[in-house]
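Structure, as structure tokens:
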Amino acid sequence: GVAEGSYTYAEFDARTSLIAATLRGKWCVARQERALLVFPPGIEFHLACVACFKAGVIAVPVHPPEPHHLAKHLPHFAKLALDCNAQVALTNTLYYTTTTMAMISNVFTANSWPPLRWKCVDTVSGTGRFEPEPCHEDDILWLQYTSGSTGDPKGVMVHNGAARQ
């Protein structure tokens, strides 16, 4: 593939801190609230994931529904979103725009989307530092869904204490 950009450690830390501050501040995502990470492959997924860790927001990585095959992929996505009780979905502008255009062109999928607040992490701008709150051993760091090959996918909660070991 083609590299989409690079970050130094300091730049990565600054960018994830800015996204974390936006999550907790402007976007009003509460500590231990679940956020779906709906990204095509790329660095923005990693930025959003680490920002969630810093903000104490539970990262829930999910495979993004294919914009040109929403009727096929959307039911699975909606089931995961509802199962984990997510209120917000993080993505990038390209995926959000492409999916929105595909949804508009297919009115049959318009009502299939779960009620989520969509936020594009690549639009976050500004400066400043974010001081993460202390994490507790029993805080949920991320929620990983199984493939669901033999039934419905199951969410596996990874706690902060387990991730530190």
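Naming works like this for the structure tokens: A, B, ... for the chains as they're shown, residue 1 at the start of each chain, ligands 1 onward in shown order.
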Show me, as a PyMOL selection string, the residues that have an atom within 8 Å of region 85-92 of chain A when counting only C-alpha atoms, minus same-chain residues fewer than 2 positions from it.
chain A and resi 29+33-39+44-45+48+81-83+94-96+115-123
Selection above as a file: C-alpha atoms, as a JSON list (two decimals), in the first residue's frame:
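Written output follows (part_36.json):
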```json
[["chain", "number", "residue", "atom", "x", "y", "z"],
["A", 29, "VAL", "CA", -18.45, 11.54, 25.32],
["A", 33, "GLU", "CA", -19.02, 5.37, 27.35],
["A", 34, "ARG", "CA", -18.62, 3.14, 24.31],
["A", 35, "ALA", "CA", -17.40, 4.58, 21.00],
["A", 36, "LEU", "CA", -17.49, 2.55, 17.79],
["A", 37, "LEU", "CA", -14.29, 2.85, 15.76],
["A", 38, "VAL", "CA", -15.56, 2.67, 12.17],
["A", 39, "PHE", "CA", -12.53, 3.18, 9.95],
["A", 44, "GLU", "CA", -6.72, 7.34, 11.83],
["A", 45, "PHE", "CA", -7.99, 4.14, 13.44],
["A", 48, "ALA", "CA", -8.84, 7.28, 17.54],
["A", 81, "ALA", "CA", -23.86, -1.05, 17.75],
["A", 82, "LEU", "CA", -27.05, -1.88, 19.62],
["A", 83, "ASP", "CA", -25.49, -4.78, 21.53],
["A", 94, "LEU", "CA", -13.89, 10.20, 3.50],
["A", 95, "TYR", "CA", -15.69, 7.15, 4.93],
["A", 96, "TYR", "CA", -18.50, 9.25, 6.40],
["A", 115, "PRO", "CA", -28.97, 5.98, 16.18],
["A", 116, "LEU", "CA", -25.37, 7.15, 16.55],
["A", 117, "ARG", "CA", -23.64, 10.51, 16.72],
["A", 118, "TRP", "CA", -21.02, 10.33, 13.95],
["A", 119, "LYS", "CA", -17.77, 12.22, 14.54],
["A", 120, "CYS", "CA", -14.86, 12.57, 12.11],
["A", 121, "VAL", "CA", -11.51, 12.54, 13.91],
["A", 122, "ASP", "CA", -9.64, 14.01, 10.95],
["A", 123, "THR", "CA", -11.59, 17.28, 11.40]]
```
So the first atom is CA of Val62 (chain A) and the second is CA of Ser112 (chain A); what is the distance between them in Å, to one decimal place?
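Spanning CA of Val62 (chain A) to CA of Ser112 (chain A) is a straight-line distance of 16.7 Å.
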I'd like a table as CSV: residues in region 45-91 of chain A with an atom no more than 6 Å from region 139-153 of chain A, each row giving the shortest atom pair and its distance in Å to one decimal, only C-alpha atoms counted, sorted by chain and rising residue number.
```
residue,atom,partner,partner_atom,distance
A:Ile58,CA,A:Trp142,CA,4.9
A:Ala59,CA,A:Trp142,CA,4.6
A:Val60,CA,A:Leu143,CA,5.0
```
Just to be explicit: take each residue in the selection above, keep C-alpha atoms, and write the result as a short mmCIF file (atom, residue, chain, number, x, y, z; two decimals), in the first residue's frame.
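Output file out_27.cif is given in full below:
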```
data_model
loop_
_atom_site.label_atom_id
_atom_site.label_comp_id
_atom_site.auth_asym_id
_atom_site.auth_seq_id
_atom_site.Cartn_x
_atom_site.Cartn_y
_atom_site.Cartn_z
CA ILE A 58 -14.32 2.36 25.70
CA ALA A 59 -13.03 1.71 22.18
CA VAL A 60 -15.17 -0.71 20.17
#
```
Taking only chain A into account, list the residues labelled alpha helix (DSSP H) by DSSP (computed from the backbone), as JSON, numbers by chain.
{"A": [9, 10, 11, 12, 13, 14, 15, 16, 17, 18, 19, 20, 21, 22, 23, 24, 43, 44, 45, 46, 47, 48, 49, 50, 51, 52, 53, 54, 55, 70, 71, 72, 73, 74, 75, 76, 77, 78, 79, 80, 81, 82, 83, 93, 94, 95, 96, 97, 98, 99, 100, 101, 102, 103, 104, 105, 160, 161, 162, 163, 164]}
